[in-house]
Each structure stands twice: as structure tokens, then as C-alpha cells.
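Novice: Contents are compact mmCIF, C-alpha atoms; file name structure-v1.txt:
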```txt
# COMPACT_ATOMS: atom_id res chain seq x y z
CA MET L 96 0.00 0.00 0.00
CA GLU L 97 2.94 2.32 0.63
CA THR L 98 4.06 1.70 -2.95
CA TYR L 99 0.59 2.45 -4.30
CA ALA L 100 0.39 5.74 -2.40
CA ALA L 101 3.93 6.74 -3.35
CA ASP L 102 3.14 6.09 -7.02
CA VAL L 103 0.13 8.40 -6.83
CA ALA L 104 2.24 11.05 -5.11
CA GLU L 105 4.86 10.93 -7.85
CA LEU L 106 2.22 11.18 -10.57
CA THR L 107 0.30 14.04 -8.99
CA GLU L 108 3.52 15.97 -8.41
CA PHE L 109 4.59 15.44 -12.01
CA LEU L 110 1.21 16.65 -13.27
CA GLY L 111 1.18 19.57 -10.83
CA LEU L 112 -2.32 18.73 -9.61
CA LYS L 113 -3.97 21.03 -7.07
CA ASP L 114 -7.41 20.86 -5.44
CA ALA L 115 -7.84 17.35 -6.84
CA ILE L 116 -10.63 14.98 -5.88
CA HIS L 117 -9.39 11.40 -5.51
CA ILE L 118 -11.87 8.56 -5.93
CA GLY L 119 -10.96 4.98 -5.11
CA HIS L 120 -12.91 1.73 -5.40
CA SER L 121 -12.18 -1.31 -3.22
CA THR L 122 -8.39 -1.60 -2.79
CA GLY L 123 -8.17 1.80 -4.48
CA GLY L 124 -10.08 3.30 -1.57
CA GLY L 125 -7.27 2.24 0.73
CA GLU L 126 -4.77 3.72 -1.67
CA VAL L 127 -6.67 7.02 -1.71
CA ILE L 128 -6.91 7.44 2.06
CA ARG L 129 -3.25 6.50 2.57
CA TYR L 130 -2.18 8.91 -0.18
CA VAL L 131 -4.33 11.76 1.15
CA ASN L 132 -2.98 11.33 4.67
CA LYS L 133 0.66 10.91 3.76
CA TYR L 134 1.11 13.07 0.68
CA GLY L 135 -2.02 14.94 -0.31
CA GLU L 136 -2.36 17.73 2.24
CA ASP L 137 -1.64 20.54 -0.25
CA ARG L 138 -3.03 18.86 -3.33
CA VAL L 139 -6.37 17.26 -2.44
CA SER L 140 -9.67 19.02 -1.78
CA LYS L 141 -11.96 15.99 -1.38
CA ALA L 142 -11.87 12.21 -1.51
CA VAL L 143 -14.33 9.40 -2.17
CA LEU L 144 -14.13 5.81 -0.94
CA ILE L 145 -16.35 3.40 -2.88
CA SER L 146 -16.89 -0.16 -1.64
CA ALA L 147 -13.51 0.38 -0.04
CA VAL L 148 -11.40 -1.87 2.19
CA PRO L 149 -10.64 0.55 5.08
CA PRO L 150 -10.38 0.52 8.04
CA VAL L 151 -9.06 -3.08 7.87
CA MET L 152 -10.56 -6.21 6.33
CA VAL L 153 -8.96 -9.19 8.05
CA GLN L 154 -10.40 -10.63 11.25
CA SER L 155 -8.35 -10.28 14.42
CA GLU L 156 -8.84 -9.78 18.15
CA ALA L 157 -9.00 -6.04 17.47
CA ASN L 158 -11.33 -6.57 14.50
CA PRO L 159 -13.59 -9.51 15.40
CA ASP L 160 -16.14 -8.61 12.73
CA GLY L 161 -13.54 -8.87 9.97
CA VAL L 162 -13.17 -11.49 7.27
CA PRO L 163 -11.31 -14.66 8.39
CA ILE L 164 -7.74 -15.03 7.11
CA SER L 165 -8.77 -18.38 5.57
CA VAL L 166 -10.80 -16.46 2.97
CA PHE L 167 -7.73 -14.55 1.86
CA ASP L 168 -5.60 -17.70 1.94
CA ASN L 169 -8.09 -19.25 -0.47
CA ILE L 170 -7.84 -16.21 -2.75
CA ARG L 171 -4.06 -16.62 -2.71
CA ASP L 172 -4.39 -20.30 -3.63
CA GLN L 173 -6.85 -19.54 -6.44
CA THR L 174 -4.67 -16.72 -7.76
CA LEU L 175 -1.67 -19.04 -7.93
CA ASN L 176 -3.31 -22.22 -9.16
CA ASN L 177 -6.65 -21.43 -10.79
CA ARG L 178 -6.30 -17.84 -11.91
CA GLN L 179 -8.06 -17.99 -15.28
CA GLN L 180 -11.20 -19.65 -13.90
CA PHE L 181 -11.11 -17.80 -10.59
CA TYR L 182 -11.29 -14.43 -12.32
CA ILE L 183 -14.46 -15.53 -14.10
CA ASP L 184 -16.02 -17.12 -11.01
CA LEU L 185 -15.33 -14.06 -8.87
CA THR L 186 -17.54 -11.88 -11.06
CA ILE L 187 -20.61 -13.72 -9.70
CA PRO L 188 -20.47 -12.38 -6.10
CA PHE L 189 -18.56 -9.25 -7.22
CA TYR L 190 -21.53 -8.00 -9.26
CA GLY L 191 -24.25 -9.71 -7.23
CA TYR L 192 -25.06 -12.07 -10.10
CA ASN L 193 -25.89 -14.80 -7.57
CA ARG L 194 -28.88 -12.85 -6.26
CA ALA L 195 -32.47 -13.57 -7.24
CA GLY L 196 -33.54 -11.52 -10.24
CA ALA L 197 -30.02 -10.39 -11.14
CA GLU L 198 -29.44 -9.80 -14.84
CA ILE L 199 -26.11 -11.46 -15.62
CA LYS L 200 -24.20 -9.58 -18.30
CA GLU L 201 -21.53 -11.72 -19.89
CA GLY L 202 -19.87 -8.66 -21.42
CA ILE L 203 -19.20 -7.23 -17.96
CA GLN L 204 -17.80 -10.58 -16.82
CA ARG L 205 -15.53 -10.84 -19.83
CA ASN L 206 -14.31 -7.28 -19.47
CA TRP L 207 -13.46 -7.83 -15.78
CA TRP L 208 -11.62 -11.04 -16.73
CA ARG L 209 -9.77 -9.22 -19.53
CA GLN L 210 -8.55 -6.52 -17.17
CA GLY L 211 -7.50 -9.09 -14.59
CA MET L 212 -5.57 -11.23 -17.03
CA MET L 213 -3.62 -8.19 -18.25
CA GLY L 214 -2.12 -7.76 -14.77
CA SER L 215 0.93 -9.36 -13.23
CA ASN L 216 0.22 -12.55 -11.30
CA VAL L 217 2.93 -11.64 -8.79
CA ALA L 218 1.37 -8.21 -8.24
CA HIS L 219 -2.08 -9.74 -7.83
CA TYR L 220 -0.80 -12.26 -5.30
CA GLU L 221 1.04 -9.65 -3.23
CA CYS L 222 -1.94 -7.28 -3.41
CA ILE L 223 -4.05 -9.75 -1.42
CA LYS L 224 -2.04 -9.09 1.72
CA ALA L 225 -2.02 -5.35 1.02
CA PHE L 226 -5.78 -4.98 0.68
CA SER L 227 -6.74 -7.42 3.42
CA GLU L 228 -4.23 -6.72 6.20
CA THR L 229 -3.34 -3.04 5.91
CA ASP L 230 -4.84 -1.06 8.78
CA PHE L 231 -6.02 2.38 7.64
CA THR L 232 -7.47 3.44 10.99
CA GLU L 233 -4.92 6.18 11.67
CA ASP L 234 -5.15 7.44 8.08
CA LEU L 235 -8.90 7.83 8.43
CA LYS L 236 -8.57 9.62 11.76
CA ALA L 237 -5.93 12.03 10.46
CA VAL L 238 -7.70 13.21 7.30
CA ASP L 239 -9.81 16.34 7.75
CA ILE L 240 -10.92 17.13 4.19
CA PRO L 241 -14.46 16.11 3.15
CA VAL L 242 -14.61 12.39 2.40
CA LEU L 243 -17.64 10.67 0.85
CA VAL L 244 -18.02 6.99 1.70
CA LEU L 245 -20.26 4.95 -0.61
CA HIS L 246 -20.98 1.27 0.08
CA GLY L 247 -23.50 -1.30 -1.09
CA GLU L 248 -25.33 -3.10 1.68
CA ASP L 249 -25.16 -6.38 -0.27
CA ASP L 250 -21.41 -6.17 -0.85
CA GLN L 251 -20.20 -9.80 -0.75
CA ILE L 252 -16.54 -8.88 -1.21
CA VAL L 253 -16.02 -6.08 1.33
CA PRO L 254 -18.85 -6.30 3.93
CA TYR L 255 -20.16 -2.79 4.43
CA GLN L 256 -20.72 -2.86 8.21
CA ASN L 257 -17.04 -3.61 8.83
CA ALA L 258 -15.83 -1.20 6.15
CA GLY L 259 -17.87 1.80 5.02
CA VAL L 260 -19.80 2.22 8.27
CA LYS L 261 -16.65 2.07 10.43
CA SER L 262 -14.66 4.29 8.07
CA ALA L 263 -17.28 7.02 8.16
CA LYS L 264 -17.23 7.02 11.96
CA LEU L 265 -13.45 7.42 12.05
CA LEU L 266 -13.35 10.34 9.60
CA LYS L 267 -13.45 13.90 10.92
CA ASN L 268 -15.45 15.14 7.93
CA GLY L 269 -17.00 12.01 6.47
CA LYS L 270 -20.36 11.42 4.83
CA LEU L 271 -21.73 7.90 4.44
CA ILE L 272 -24.22 6.72 1.83
CA THR L 273 -25.19 3.05 1.79
CA TYR L 274 -27.33 1.40 -0.86
CA PRO L 275 -29.68 -1.50 -0.04
CA GLY L 276 -29.09 -4.43 -2.39
CA PHE L 277 -26.10 -2.93 -4.23
CA PRO L 278 -23.08 -5.21 -4.83
CA HIS L 279 -19.35 -4.61 -4.59
CA GLY L 280 -19.19 -3.79 -8.29
CA MET L 281 -21.92 -1.16 -7.99
CA PRO L 282 -20.01 1.53 -9.95
CA THR L 283 -20.66 -0.70 -12.98
CA THR L 284 -24.05 -2.22 -12.21
CA GLU L 285 -25.52 0.89 -10.60
CA ALA L 286 -23.54 3.59 -12.38
CA ALA L 287 -26.45 6.02 -12.79
CA THR L 288 -27.07 6.16 -9.04
CA ILE L 289 -23.40 6.23 -8.05
CA ASN L 290 -22.50 8.92 -10.57
CA LYS L 291 -25.36 11.13 -9.41
CA ASP L 292 -24.13 11.01 -5.82
CA LEU L 293 -20.52 11.52 -6.89
CA LEU L 294 -21.41 14.60 -8.91
CA ALA L 295 -23.47 16.07 -6.07
CA PHE L 296 -20.51 15.64 -3.69
CA ILE L 297 -18.03 17.10 -6.16
CA GLU L 298 -20.21 20.15 -6.75
CA SER L 299 -21.04 20.70 -3.07
```
Please go through the file and, once you have read it, give me the structure as C-alpha cells.
Specialist:
Amino acid sequence: METYAADVAELTEFLGLKDAIHIGHSTGGGEVIRYVNKYGEDRVSKAVLISAVPPVMVQSEANPDGVPISVFDNIRDQTLNNRQQFYIDLTIPFYGYNRAGAEIKEGIQRNWWRQGMMGSNVAHYECIKAFSETDFTEDLKAVDIPVLVLHGEDDQIVPYQNAGVKSAKLLKNGKLITYPGFPHGMPTTEAATINKDLLAFIES
């Protein structure tokens, strides 16, 4: 996660960005809050965390409501040994396609698979530890710019009660919007709703 944030810092400095609004989905939400806290004080005006992993995903004594480490160990195993099929299978809970009445769109599944297969397997494997075990609690507490937290209440990848709800409580200037029935991949499946709320926050 330190590498992710440092990469963003280098890019934003090169581009000379000021008053930027950083929006991150899932692991990217962790990247955003770490970047804002560590590097973005003079460059960021607002931030948005969508279906994001903070404060911390993995279950522990300090985070009893978290996701058991066995889940992430299985993702590691699948990434190493069954990557091509795993990246197709994961689209089912990711987009809520296993819910009654869901309209499964093969094009979305294929596009997600395409993006995944373009990535480095080593990077994907190492990312599992980064997104599941990094604790962003102090980052959330330290950030004082406006932060919008959006999370689907039927997120099967990053459970919203342990993520979005807790993150919003830790932020000094956070606003939480949760969506009944929306999945982890809601920026794709529910883009019209998400984009409307994003635009309202940006313009506020």
C-alpha cells in the first residue's frame, strides 16, 4: 500500500495537480486514504471511498467482525493455481449475479476477466495481503478534508458494516451513503445512481 500511495504522489507531483478529488474503489479506496494522509495535504480538496477496504478487512482480536484469514488464503491459492477460472467465477459475487432476479451480463464478466488477465500474477498475489491486512485506521482519523463513503449493503466482497460504516465514523469530515441491495461492483451495475451522488458531492 505504501508503494501504491507513493506512485500516486509521484504522478500528482509530475502533473502539478492542485485541489484534486481522488476517488478509489475497493483496494483503491485504501490507496486514496493512505495517499491523502501521507502526501495529499496541499493537493487534495476531497476524496471518495467506494466499496472500499478501510479501516481493515482481516479478522483479528481487534477486528472480530472482519473477514477470516482463511478467505484470503483461499484467494491466494486460487490466484496461484486457478487464476483464469477464478477471475471468471469471482464476477458472480462481485456483481451480485448470484442474487435472485439479477441480470447477468456476460460482457461485464468478460471485461473484468480481460482486465484481470492483463495484470501481473505476482502483483495480484502480493496485493491480497495489502488490501486485506493493511490497517487504515490512523489514516482515516488524520484526514480532515471532506470524504464521501459509498458502500453497497449487499457487498459480498467487502462487507459494508465492517468497512464503510466504520470508516465514516473514524473520519473527521466524512459522509456515508449506503445502498440496499447494491453489490461490490456497484459503480458498474448501478452507475447512474453512483455517478449522481458523486457529482453532487463534487459540486457541493
Novice: Produce a table with one row for each residue of region 185-268 of chain L that has an atom at most 10 Å from any atom of region 174-179 of chain L, each row naming the nearest atom pair and its distance in Å at one decimal; use only C-alpha atoms; arrange rows by chain and rising residue number; format as a Markdown table.
Specialist:
```
| residue | atom | partner | partner_atom | distance |
| --- | --- | --- | --- | --- |
| L:Trp208 | CA | L:Gln179 | CA | 7.9 |
| L:Arg209 | CA | L:Gln179 | CA | 9.9 |
| L:Gly211 | CA | L:Gln179 | CA | 8.9 |
| L:Met212 | CA | L:Gln179 | CA | 7.4 |
| L:Asn216 | CA | L:Thr174 | CA | 7.3 |
| L:Val217 | CA | L:Leu175 | CA | 8.8 |
| L:His219 | CA | L:Thr174 | CA | 7.4 |
| L:Tyr220 | CA | L:Thr174 | CA | 6.4 |
| L:Ile223 | CA | L:Thr174 | CA | 9.4 |
```
Novice: Using all atoms listed in the file, which residues of region 110-226 of chain L come within 12 Å of region 263-275 of chain L, and what is the closest atom pair for each, with the distance in Å to one decimal? Give it as JSON lines, sorted by chain and residue number.
Specialist:
```
{"residue": "L:Ile128", "atom": "CA", "partner": "L:Leu266", "partner_atom": "CA", "distance": 10.3}
{"residue": "L:Asn132", "atom": "CA", "partner": "L:Leu266", "partner_atom": "CA", "distance": 11.5}
{"residue": "L:Ser140", "atom": "CA", "partner": "L:Asn268", "partner_atom": "CA", "distance": 11.9}
{"residue": "L:Lys141", "atom": "CA", "partner": "L:Asn268", "partner_atom": "CA", "distance": 10.0}
{"residue": "L:Ala142", "atom": "CA", "partner": "L:Gly269", "partner_atom": "CA", "distance": 9.5}
{"residue": "L:Val143", "atom": "CA", "partner": "L:Gly269", "partner_atom": "CA", "distance": 9.4}
{"residue": "L:Leu144", "atom": "CA", "partner": "L:Leu271", "partner_atom": "CA", "distance": 9.5}
{"residue": "L:Ile145", "atom": "CA", "partner": "L:Ile272", "partner_atom": "CA", "distance": 9.8}
{"residue": "L:Ser146", "atom": "CA", "partner": "L:Thr273", "partner_atom": "CA", "distance": 9.5}
{"residue": "L:Ala147", "atom": "CA", "partner": "L:Ala263", "partner_atom": "CA", "distance": 11.2}
{"residue": "L:Pro149", "atom": "CA", "partner": "L:Ala263", "partner_atom": "CA", "distance": 9.8}
{"residue": "L:Pro150", "atom": "CA", "partner": "L:Leu265", "partner_atom": "CA", "distance": 8.6}
```
Novice: Any chance you could export the current selection's C-alpha atoms as a short mmCIF file (atom, residue, chain, number, x, y, z; two decimals), keeping the file's coordinate frame?
Specialist:
```cif
data_model
loop_
_atom_site.label_atom_id
_atom_site.label_comp_id
_atom_site.auth_asym_id
_atom_site.auth_seq_id
_atom_site.Cartn_x
_atom_site.Cartn_y
_atom_site.Cartn_z
CA ILE L 128 -6.91 7.44 2.06
CA ASN L 132 -2.98 11.33 4.67
CA SER L 140 -9.67 19.02 -1.78
CA LYS L 141 -11.96 15.99 -1.38
CA ALA L 142 -11.87 12.21 -1.51
CA VAL L 143 -14.33 9.40 -2.17
CA LEU L 144 -14.13 5.81 -0.94
CA ILE L 145 -16.35 3.40 -2.88
CA SER L 146 -16.89 -0.16 -1.64
CA ALA L 147 -13.51 0.38 -0.04
CA PRO L 149 -10.64 0.55 5.08
CA PRO L 150 -10.38 0.52 8.04
#
```
Novice: Have a look at L:Phe109, L:Phe189, L:Tyr134, L:Phe296 and name the one nearest to Asp234 (chain L); count all atoms listed in the file.
Specialist: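 Going through L:Phe109, L:Phe189, L:Tyr134, L:Phe296 one by one, the smallest distance to Asp234 (chain L) is for L:Tyr134.
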Novice: Considering all atoms listed in the file, state which residue in the set L:Asn169, L:Ser299, L:Asn158, L:Thr186 is at the smallest distance from Gln256 (chain L).
Specialist: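 Of L:Asn169, L:Ser299, L:Asn158, L:Thr186, the one nearest Gln256 (chain L), counting all atoms listed in the file, is L:Asn158.
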Novice: For a quick check of understanding, using all atoms listed in the file, which of L:Glu126, L:Glu221, L:Asp114, L:Glu248 has the smallest distance to Asp172 (chain L)?
Specialist: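 Among the listed residues, L:Glu221 lies closest to Asp172 (chain L).
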Novice: Using only C-alpha atoms for the distances, tell me which of L:Val260, L:Val139, L:Val162, L:Met96 is nearest to Gly111 (chain L).
Specialist: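 Among the listed residues, L:Val139 lies closest to Gly111 (chain L).
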Novice: Could you tell me which of L:Glu228, L:Asp239, L:Asp249, L:Glu108 comes closest to Gly161 (chain L) if we count only C-alpha atoms?
Specialist: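 For Gly161 (chain L), the nearest of the candidates is L:Glu228.
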Novice: Hey, could you patch up region 238-258 of chain L with N, CA, C and O atoms and hand it over as an mmCIF file, in the coordinates of the input?
Specialist:
```cif
data_model
loop_
_atom_site.group_PDB
_atom_site.id
_atom_site.type_symbol
_atom_site.label_atom_id
_atom_site.label_comp_id
_atom_site.auth_asym_id
_atom_site.auth_seq_id
_atom_site.Cartn_x
_atom_site.Cartn_y
_atom_site.Cartn_z
ATOM 1 N N VAL L 238 -7.241 12.425 8.447
ATOM 2 C CA VAL L 238 -7.700 13.210 7.300
ATOM 3 C C VAL L 238 -8.849 14.119 7.704
ATOM 4 O O VAL L 238 -9.822 13.665 8.307
ATOM 5 N N ASP L 239 -8.742 15.410 7.364
ATOM 6 C CA ASP L 239 -9.810 16.340 7.750
ATOM 7 C C ASP L 239 -10.538 16.966 6.578
ATOM 8 O O ASP L 239 -11.459 17.762 6.776
ATOM 9 N N ILE L 240 -10.164 16.642 5.339
ATOM 10 C CA ILE L 240 -10.920 17.130 4.190
ATOM 11 C C ILE L 240 -12.238 16.356 4.093
ATOM 12 O O ILE L 240 -12.381 15.295 4.693
ATOM 13 N N PRO L 241 -13.214 16.861 3.334
ATOM 14 C CA PRO L 241 -14.460 16.110 3.150
ATOM 15 C C PRO L 241 -14.205 14.788 2.430
ATOM 16 O O PRO L 241 -13.524 14.749 1.406
ATOM 17 N N VAL L 242 -14.756 13.719 2.999
ATOM 18 C CA VAL L 242 -14.610 12.390 2.400
ATOM 19 C C VAL L 242 -16.002 11.758 2.294
ATOM 20 O O VAL L 242 -16.707 11.626 3.296
ATOM 21 N N LEU L 243 -16.373 11.370 1.084
ATOM 22 C CA LEU L 243 -17.640 10.670 0.850
ATOM 23 C C LEU L 243 -17.369 9.171 0.842
ATOM 24 O O LEU L 243 -16.471 8.696 0.152
ATOM 25 N N VAL L 244 -18.153 8.443 1.620
ATOM 26 C CA VAL L 244 -18.020 6.990 1.700
ATOM 27 C C VAL L 244 -19.292 6.368 1.117
ATOM 28 O O VAL L 244 -20.393 6.589 1.626
ATOM 29 N N LEU L 245 -19.136 5.602 0.044
ATOM 30 C CA LEU L 245 -20.260 4.950 -0.610
ATOM 31 C C LEU L 245 -20.074 3.434 -0.495
ATOM 32 O O LEU L 245 -18.993 2.918 -0.798
ATOM 33 N N HIS L 246 -21.121 2.730 -0.077
ATOM 34 C CA HIS L 246 -20.980 1.270 0.080
ATOM 35 C C HIS L 246 -22.317 0.589 -0.127
ATOM 36 O O HIS L 246 -23.346 1.033 0.390
ATOM 37 N N GLY L 247 -22.300 -0.486 -0.893
ATOM 38 C CA GLY L 247 -23.500 -1.300 -1.090
ATOM 39 C C GLY L 247 -23.753 -2.185 0.104
ATOM 40 O O GLY L 247 -22.823 -2.793 0.648
ATOM 41 N N GLU L 248 -24.992 -2.292 0.508
ATOM 42 C CA GLU L 248 -25.330 -3.100 1.680
ATOM 43 C C GLU L 248 -25.339 -4.604 1.383
ATOM 44 O O GLU L 248 -25.399 -5.413 2.311
ATOM 45 N N ASP L 249 -25.261 -4.965 0.093
ATOM 46 C CA ASP L 249 -25.160 -6.380 -0.270
ATOM 47 C C ASP L 249 -23.787 -6.675 -0.875
ATOM 48 O O ASP L 249 -23.655 -7.524 -1.757
ATOM 49 N N ASP L 250 -22.782 -5.962 -0.392
ATOM 50 C CA ASP L 250 -21.410 -6.170 -0.850
ATOM 51 C C ASP L 250 -20.907 -7.506 -0.288
ATOM 52 O O ASP L 250 -20.731 -7.650 0.913
ATOM 53 N N GLN L 251 -20.656 -8.471 -1.168
ATOM 54 C CA GLN L 251 -20.200 -9.800 -0.750
ATOM 55 C C GLN L 251 -18.677 -9.918 -0.741
ATOM 56 O O GLN L 251 -18.141 -10.955 -0.356
ATOM 57 N N ILE L 252 -17.994 -8.875 -1.161
ATOM 58 C CA ILE L 252 -16.540 -8.880 -1.210
ATOM 59 C C ILE L 252 -15.953 -8.120 -0.029
ATOM 60 O O ILE L 252 -15.064 -8.603 0.671
ATOM 61 N N VAL L 253 -16.445 -6.907 0.201
ATOM 62 C CA VAL L 253 -16.020 -6.080 1.330
ATOM 63 C C VAL L 253 -17.269 -5.726 2.144
ATOM 64 O O VAL L 253 -17.962 -4.764 1.822
ATOM 65 N N PRO L 254 -17.617 -6.516 3.157
ATOM 66 C CA PRO L 254 -18.850 -6.300 3.930
ATOM 67 C C PRO L 254 -18.945 -4.866 4.471
ATOM 68 O O PRO L 254 -18.022 -4.382 5.110
ATOM 69 N N TYR L 255 -20.068 -4.229 4.192
ATOM 70 C CA TYR L 255 -20.160 -2.790 4.430
ATOM 71 C C TYR L 255 -20.133 -2.398 5.910
ATOM 72 O O TYR L 255 -19.605 -1.342 6.264
ATOM 73 N N GLN L 256 -20.683 -3.225 6.791
ATOM 74 C CA GLN L 256 -20.720 -2.860 8.210
ATOM 75 C C GLN L 256 -19.309 -2.761 8.799
ATOM 76 O O GLN L 256 -19.042 -1.935 9.670
ATOM 77 N N ASN L 257 -18.409 -3.601 8.313
ATOM 78 C CA ASN L 257 -17.040 -3.610 8.830
ATOM 79 C C ASN L 257 -16.126 -2.671 8.047
ATOM 80 O O ASN L 257 -14.967 -2.505 8.395
ATOM 81 N N ALA L 258 -16.655 -2.050 7.013
ATOM 82 C CA ALA L 258 -15.830 -1.200 6.150
ATOM 83 C C ALA L 258 -16.394 0.219 6.086
ATOM 84 O O ALA L 258 -15.977 1.100 6.837
#
```
